[in-house]
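start.cif (mmCIF, C-alpha atoms and all ligand atoms) appears below.
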data_structure
#
loop_
_atom_site.label_atom_id
_atom_site.label_comp_id
_atom_site.auth_asym_id
_atom_site.auth_seq_id
_atom_site.Cartn_x
_atom_site.Cartn_y
_atom_site.Cartn_z
CA MET K 1 6.89 -0.16 -3.11
CA GLU K 2 7.73 -2.53 -0.26
CA ARG K 3 9.48 -0.32 2.27
CA LEU K 4 9.71 -3.07 4.90
CA LYS K 5 10.63 -5.95 2.62
CA ASP K 6 11.64 -9.06 4.62
CA LYS K 7 11.81 -7.12 7.88
CA ILE K 8 10.65 -8.97 11.00
CA ALA K 9 8.37 -6.90 13.21
CA ILE K 10 6.84 -7.43 16.64
CA ILE K 11 3.66 -5.42 17.21
CA THR K 12 2.33 -5.45 20.77
CA GLY K 13 -1.44 -5.12 21.06
CA GLY K 14 -1.55 -6.13 17.41
CA ALA K 15 -4.89 -7.95 17.62
CA ASN K 16 -7.12 -4.87 17.54
CA GLY K 17 -7.43 -1.20 16.63
CA ILE K 18 -4.29 0.68 15.65
CA GLY K 19 -2.07 -2.38 16.22
CA LYS K 20 -4.12 -4.46 13.80
CA ALA K 21 -4.09 -1.71 11.16
CA THR K 22 -0.32 -1.47 11.64
CA ALA K 23 0.12 -5.23 11.18
CA LYS K 24 -1.91 -5.02 7.95
CA LYS K 25 0.15 -2.08 6.66
CA PHE K 26 3.47 -3.73 7.55
CA ILE K 27 2.51 -6.89 5.66
CA LYS K 28 1.56 -4.79 2.63
CA GLU K 29 5.01 -3.20 2.89
CA GLY K 30 6.66 -6.64 2.76
CA ALA K 31 7.29 -7.34 6.47
CA LYS K 32 6.61 -10.49 8.46
CA VAL K 33 4.70 -9.70 11.62
CA ALA K 34 4.59 -11.29 15.06
CA ILE K 35 1.35 -10.13 16.68
CA TRP K 36 1.70 -10.04 20.44
CA ASP K 37 -1.52 -9.65 22.39
CA VAL K 38 -3.00 -10.70 25.69
CA THR K 39 -6.37 -11.62 24.13
CA GLU K 40 -6.12 -14.99 22.42
CA GLU K 41 -9.42 -14.96 20.54
CA SER K 42 -8.91 -11.72 18.63
CA GLY K 43 -5.20 -12.47 18.19
CA VAL K 44 -5.89 -15.78 16.46
CA GLN K 45 -8.67 -14.16 14.40
CA THR K 46 -6.46 -11.23 13.27
CA SER K 47 -3.59 -13.51 12.40
CA LYS K 48 -5.93 -15.69 10.29
CA GLU K 49 -7.35 -12.62 8.58
CA LEU K 50 -3.91 -11.24 7.71
CA GLY K 51 -2.57 -14.51 6.29
CA ASP K 52 0.69 -16.40 6.14
CA ASN K 53 3.01 -13.53 6.96
CA THR K 54 1.71 -13.17 10.50
CA GLN K 55 2.12 -15.28 13.58
CA PHE K 56 0.18 -14.75 16.81
CA TYR K 57 1.82 -15.04 20.22
CA GLN K 58 -0.24 -14.73 23.38
CA VAL K 59 1.83 -12.38 25.51
CA ASP K 60 0.95 -10.22 28.49
CA ILE K 61 3.48 -7.39 28.27
CA THR K 62 3.42 -6.89 32.02
CA SER K 63 5.24 -10.23 32.39
CA ALA K 64 9.01 -10.23 31.80
CA GLU K 65 8.93 -14.02 31.66
CA GLN K 66 6.31 -14.12 28.90
CA ILE K 67 8.11 -11.43 26.89
CA GLU K 68 11.44 -13.23 27.14
CA ARG K 69 9.91 -16.54 26.05
CA ALA K 70 7.98 -15.03 23.13
CA ALA K 71 11.03 -13.05 21.94
CA GLN K 72 13.04 -16.28 21.85
CA GLN K 73 10.25 -17.97 19.89
CA VAL K 74 10.06 -15.11 17.37
CA PHE K 75 13.84 -15.19 16.92
CA GLN K 76 13.85 -18.97 16.47
CA HIS K 77 11.00 -18.82 13.97
CA PHE K 78 12.06 -15.81 11.88
CA GLY K 79 15.83 -15.64 12.49
CA ARG K 80 15.94 -11.93 13.46
CA ILE K 81 13.93 -9.13 15.07
CA ASP K 82 14.17 -5.83 13.18
CA ILE K 83 11.23 -3.77 14.38
CA LEU K 84 9.41 -3.37 17.68
CA ILE K 85 6.17 -1.41 17.78
CA ASN K 86 5.29 -0.82 21.43
CA ASN K 87 1.60 -0.24 20.73
CA ALA K 88 -0.36 -2.11 23.45
CA GLY K 89 -2.08 0.22 25.88
CA ILE K 90 -5.10 0.54 28.15
CA THR K 91 -7.11 3.28 29.85
CA LYS K 92 -8.74 3.31 33.31
CA ASP K 93 -9.98 6.87 33.54
CA ALA K 94 -11.03 8.68 36.72
CA THR K 95 -10.35 12.06 38.29
CA LEU K 96 -7.59 12.36 40.86
CA ALA K 97 -10.18 12.24 43.65
CA LYS K 98 -11.84 9.09 42.31
CA MET K 99 -8.95 7.12 40.82
CA THR K 100 -8.23 3.97 42.78
CA ILE K 101 -4.68 2.83 43.42
CA ASP K 102 -5.53 -0.27 41.43
CA GLN K 103 -6.60 1.80 38.38
CA TRP K 104 -3.39 3.80 38.68
CA GLN K 105 -1.23 0.68 38.92
CA GLN K 106 -2.88 -1.28 36.10
CA VAL K 107 -2.28 1.48 33.57
CA ILE K 108 1.29 2.02 34.74
CA ASP K 109 1.92 -1.73 34.50
CA VAL K 110 0.80 -2.03 30.86
CA ASN K 111 1.57 1.35 29.29
CA LEU K 112 4.83 2.17 31.05
CA ASN K 113 6.34 -0.98 32.56
CA GLY K 114 5.22 -3.00 29.50
CA VAL K 115 7.01 -0.65 27.11
CA PHE K 116 10.14 -0.71 29.29
CA LEU K 117 10.14 -4.51 29.58
CA CYS K 118 9.56 -5.15 25.86
CA THR K 119 12.31 -2.73 24.88
CA LYS K 120 14.75 -4.03 27.50
CA LEU K 121 14.22 -7.67 26.51
CA ILE K 122 13.95 -7.27 22.71
CA SER K 123 16.66 -4.64 22.07
CA PRO K 124 19.53 -7.14 22.74
CA TYR K 125 18.50 -9.00 19.56
CA MET K 126 18.75 -5.70 17.66
CA ILE K 127 22.09 -4.80 19.26
CA GLU K 128 23.47 -8.18 18.22
CA GLN K 129 22.54 -7.55 14.57
CA ALA K 130 23.49 -3.82 14.77
CA TYR K 131 20.10 -2.84 13.36
CA GLY K 132 16.74 -1.99 14.83
CA ARG K 133 13.71 0.25 14.71
CA ILE K 134 11.68 0.87 17.84
CA VAL K 135 8.51 2.96 17.76
CA ASN K 136 6.47 3.65 20.89
CA ALA K 137 2.80 4.62 21.25
CA SER K 138 2.47 7.91 23.09
CA SER K 139 -0.56 10.19 22.77
CA VAL K 140 -1.33 13.88 22.39
CA VAL K 141 -2.48 13.79 26.02
CA GLY K 142 1.08 12.83 27.01
CA ILE K 143 2.11 16.27 25.75
CA TYR K 144 -0.88 18.38 26.80
CA GLY K 145 -2.48 16.48 29.70
CA ASN K 146 -6.14 15.48 29.95
CA PHE K 147 -8.89 15.69 32.54
CA GLY K 148 -9.42 12.36 34.34
CA GLN K 149 -6.30 10.63 33.05
CA SER K 150 -3.52 10.99 35.67
CA ASN K 151 -2.46 7.39 35.15
CA TYR K 152 -2.66 7.35 31.33
CA VAL K 153 -1.00 10.76 30.90
CA ALA K 154 1.83 9.75 33.26
CA THR K 155 2.53 6.73 31.04
CA LYS K 156 2.26 8.57 27.73
CA SER K 157 4.57 11.39 28.94
CA GLY K 158 6.89 8.72 30.33
CA VAL K 159 7.02 7.04 26.93
CA ILE K 160 8.21 10.30 25.34
CA GLY K 161 10.97 10.53 27.97
CA MET K 162 12.05 6.90 27.56
CA THR K 163 12.08 7.35 23.77
CA LYS K 164 14.69 10.11 24.16
CA VAL K 165 16.78 8.09 26.62
CA TRP K 166 16.81 5.02 24.38
CA ALA K 167 17.56 7.08 21.26
CA LYS K 168 20.69 8.26 23.09
CA GLU K 169 21.61 4.85 24.51
CA LEU K 170 20.97 2.76 21.40
CA GLY K 171 21.89 5.13 18.56
CA ARG K 172 25.46 3.89 18.21
CA LYS K 173 24.14 0.33 17.99
CA GLY K 174 22.30 1.10 14.75
CA ILE K 175 18.91 1.40 16.42
CA THR K 176 16.50 4.32 16.04
CA VAL K 177 13.85 4.97 18.68
CA ASN K 178 10.85 7.21 18.07
CA ALA K 179 7.32 7.74 19.33
CA VAL K 180 4.00 8.49 17.67
CA ALA K 181 1.45 10.70 19.44
CA PRO K 182 -1.99 10.01 17.98
CA GLY K 183 -4.88 12.43 18.44
CA PHE K 184 -8.47 11.15 18.54
CA ILE K 185 -8.56 7.96 16.48
CA ALA K 186 -11.72 6.06 15.52
CA THR K 187 -10.95 2.68 17.06
CA GLU K 188 -13.67 0.52 18.63
CA MET K 189 -12.88 2.10 22.00
CA VAL K 190 -13.62 5.61 20.70
CA LYS K 191 -16.58 4.57 18.50
CA LYS K 192 -18.38 3.28 21.62
CA MET K 193 -18.29 6.74 23.23
CA PRO K 194 -21.47 8.89 23.29
CA GLU K 195 -22.13 10.80 20.06
CA LYS K 196 -21.82 14.06 22.01
CA VAL K 197 -18.24 13.26 23.03
CA ILE K 198 -17.31 12.19 19.48
CA ASN K 199 -18.76 15.43 18.10
CA MET K 200 -16.73 17.37 20.66
CA MET K 201 -13.54 15.56 19.60
CA GLU K 202 -14.25 16.28 15.93
CA GLY K 203 -15.04 19.90 16.73
CA LYS K 204 -11.71 20.36 18.51
CA THR K 205 -9.74 18.91 15.56
CA PRO K 206 -8.90 21.43 12.81
CA LEU K 207 -9.20 18.70 10.17
CA GLY K 208 -12.81 18.30 11.39
CA ARG K 209 -12.85 14.54 11.91
CA LEU K 210 -11.38 11.69 13.92
CA GLY K 211 -8.26 9.99 12.60
CA LYS K 212 -8.31 6.49 11.15
CA PRO K 213 -6.17 3.63 12.57
CA GLU K 214 -4.62 3.37 9.07
CA GLU K 215 -3.33 6.93 9.41
CA ILE K 216 -1.39 5.98 12.54
CA ALA K 217 -0.22 2.78 10.84
CA SER K 218 1.30 4.91 8.05
CA ALA K 219 3.31 6.88 10.59
CA TYR K 220 4.60 3.66 12.16
CA ALA K 221 5.54 2.30 8.73
CA PHE K 222 7.45 5.47 7.87
CA LEU K 223 9.37 5.56 11.17
CA ALA K 224 10.13 1.81 10.89
CA SER K 225 11.39 2.15 7.33
CA ASP K 226 14.80 3.16 6.05
CA GLU K 227 13.27 6.42 4.78
CA ALA K 228 13.45 7.50 8.42
CA SER K 229 17.03 6.31 8.93
CA PHE K 230 18.26 9.63 10.42
CA ILE K 231 15.20 10.27 12.58
CA SER K 232 15.60 9.22 16.21
CA GLY K 233 14.38 10.46 19.58
CA THR K 234 11.43 12.31 18.08
CA THR K 235 7.71 12.20 18.84
CA LEU K 236 5.59 12.53 15.72
CA SER K 237 2.12 13.98 16.34
CA VAL K 238 -0.52 12.44 14.08
CA ASP K 239 -3.53 14.34 15.29
CA GLY K 240 -5.23 16.42 12.59
CA ALA K 241 -3.65 19.51 14.23
CA VAL K 242 -5.73 19.11 17.43
CA THR K 243 -2.78 20.24 19.53
CA ILE K 244 -1.84 23.52 17.84
P1 LIG B 301 -7.28 -1.02 21.46
O1 LIG B 301 -7.89 -1.14 22.81
O2 LIG B 301 -8.14 -1.07 20.26
O3 LIG B 301 -6.11 -2.10 21.29
C1 LIG B 301 -5.13 -2.31 22.28
C2 LIG B 301 -4.65 -3.74 22.21
O4 LIG B 301 -3.70 -3.93 23.26
C3 LIG B 301 -5.78 -4.78 22.44
O5 LIG B 301 -5.74 -5.76 21.43
C4 LIG B 301 -5.46 -5.36 23.81
O6 LIG B 301 -5.85 -6.70 23.95
C5 LIG B 301 -3.95 -5.20 23.85
N1 LIG B 301 -3.43 -5.24 25.23
C6 LIG B 301 -3.95 -4.64 26.33
N2 LIG B 301 -3.25 -4.98 27.42
C7 LIG B 301 -2.24 -5.81 27.00
C8 LIG B 301 -1.20 -6.50 27.67
N3 LIG B 301 -1.04 -6.44 29.00
N4 LIG B 301 -0.35 -7.27 26.93
C9 LIG B 301 -0.51 -7.37 25.59
N5 LIG B 301 -1.50 -6.74 24.90
C10 LIG B 301 -2.36 -5.97 25.61
O7 LIG B 301 -6.44 0.37 21.52
P2 LIG B 301 -6.08 1.39 20.34
O8 LIG B 301 -7.07 2.47 20.37
O9 LIG B 301 -5.79 0.68 19.08
O10 LIG B 301 -4.72 2.02 20.93
C11 LIG B 301 -3.44 1.49 20.63
C12 LIG B 301 -2.38 2.36 21.28
O11 LIG B 301 -2.49 3.70 20.80
C13 LIG B 301 -2.49 2.44 22.81
O12 LIG B 301 -1.22 2.47 23.38
C14 LIG B 301 -3.21 3.76 23.03
O13 LIG B 301 -2.94 4.29 24.29
C15 LIG B 301 -2.64 4.60 21.89
N6 LIG B 301 -3.49 5.72 21.53
C16 LIG B 301 -4.77 5.53 21.05
C17 LIG B 301 -5.56 6.61 20.72
C18 LIG B 301 -6.96 6.46 20.20
O14 LIG B 301 -7.65 7.50 20.01
N7 LIG B 301 -7.45 5.28 19.92
C19 LIG B 301 -5.07 7.99 20.90
C20 LIG B 301 -3.73 8.07 21.40
C21 LIG B 301 -2.98 6.96 21.69
#

Could I get this file's structure written as structure tokens?
Ligand code: NAI
Amino acid sequence: MERLKDKIAIITGGANGIGKATAKKFIKEGAKVAIWDVTEESGVQTSKELGDNTQFYQVDITSAEQIERAAQQVFQHFGRIDILINNAGITKDATLAKMTIDQWQQVIDVNLNGVFLCTKLISPYMIEQAYGRIVNASSVVGIYGNFGQSNYVATKSGVIGMTKVWAKELGRKGITVNAVAPGFIATEMVKKMPEKVINMMEGKTPLGRLGKPEEIASAYAFLASDEASFISGTTLSVDGAVTI
């Protein structure tokens, strides 16, 4: 079953981790994928690995100029933009006492401003065609908070708020807007953590393990598909029940 047949999707941060798994899943579901990422090397590599139905664009989502240019290029190449997965994100963890203003600002710039800019500059293409699916990366910590993550939690809570605003603003234009809140997912970032921390994460999760990037990709595919055509403004937790 190809639930995203011939749909054109932009996936930010699509070169690695959850974004890469999502690109792979979307292609399997029949979509054509524009991978947007700031890192050229892994972007080119991922696009090669995933084959003809992907195209890599080097884009820093903190730059309105770069987003605008890349959106135009995607539109010229593919003829439409149906799906935006606002997945790119970074962490710069420190307690309130130790967090530098620079650490605060960098995370806000990518995880909050980047999501705002991509949605602001890509949604006009969707409005024009009266169809669109936007799915944003939040996190369970955006709902429950987390020690040492003032910056990251602010952005992930902010994403949930913006998702609701845009669901209201864009609904009558044929566009749904949702968020996914992953729990602890075994990406490279998490795998590098000390075994003790990983064991703690697994212990806290009722399903007794970390999630896989593919399990988040499935949630993105569902929310981007027409099976989810009456779902908008929601945040779907995909967390092995860690938050209940
Ligand atoms: P990752 O670090 O494996 O991949 C993130 C990608 O975003 C990288 O390819 C990176 O180059 C790209 N990126 C970073 N800054 C960028 C910028 N300015 N412009 C364009 N691309 C940029 O991260 P992962 O783990 O796959 O996470 C993906 C999303 O899911 C993030 O938003 C993260 O906050 C969220 N998330 C991840 C969880 C986890 O346990 N891994 C849990 C909850 C949420």

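Minimum atom-to-atom distance to ligand LIG 301 (chain B), evaluated using only C-alpha atoms and all ligand atoms, belongs to K:Ala137 out of K:Ile81, K:Ile101, K:Ala137, K:Ile122.
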
Which one of K:Gly30, K:Gly89, K:Gly114, K:Pro182 sits closest to Glu65 in chain K if you count all atoms listed in the file?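 Between K:Gly30, K:Gly89, K:Gly114, K:Pro182, the residue approaching Glu65 in chain K most closely is K:Gly114.
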
Could you name the residues that touch range 4-16 of chain K at 9 Å or less, counting all atoms listed in the file, but leaving out those on the same chain fewer than 3 positions away, as a PyMOL selection string? chain K and resi 1+19-23+26-47+56+59+61+71+74+78-89+118+187-188+221+224-226

Which is closest to ligand LIG 301 (chain B) among K:Gly142, K:Gly183, K:Gly161, K:Gly148, if we use all atoms listed in the file? K:Gly183

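CA of Ala228 in chain K is positioned 26.4 Å from atom N5 of ligand LIG 301 (chain B).
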
So that I can see what lies close to Leu223 in chain K, please list as a list in words the residues with an atom at most 9 Å from it, counting all atoms listed in the file and leaving out residues fewer than 2 positions away in the same chain. Arg133, Ile134, Val135, Thr176, Val177, Asn178, Ala179, Val180, Ser218, Ala219, Tyr220, Ala221, Ser225, Asp226, Glu227, Ala228, Ser229, Ile231 and Ser232 of chain K

Got a sec: who's within 12 Å of range 190-201 of chain K, counting all atoms listed in the file, leaving out chain neighbours fewer than 3 positions off, as a list of chain:residue names?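 After dropping sequence-adjacent residues, the list is K:Gly17, K:Ile18, K:Thr91, K:Gly183, K:Phe184, K:Ile185, K:Ala186, K:Thr187, K:Lys204, K:Thr205, K:Pro206, K:Leu207, K:Gly208, K:Arg209, K:Leu210, K:Gly211, K:Lys212, K:Pro213, K:Asp239, K:Gly240, K:Ala241, K:Val242, K:Thr243.
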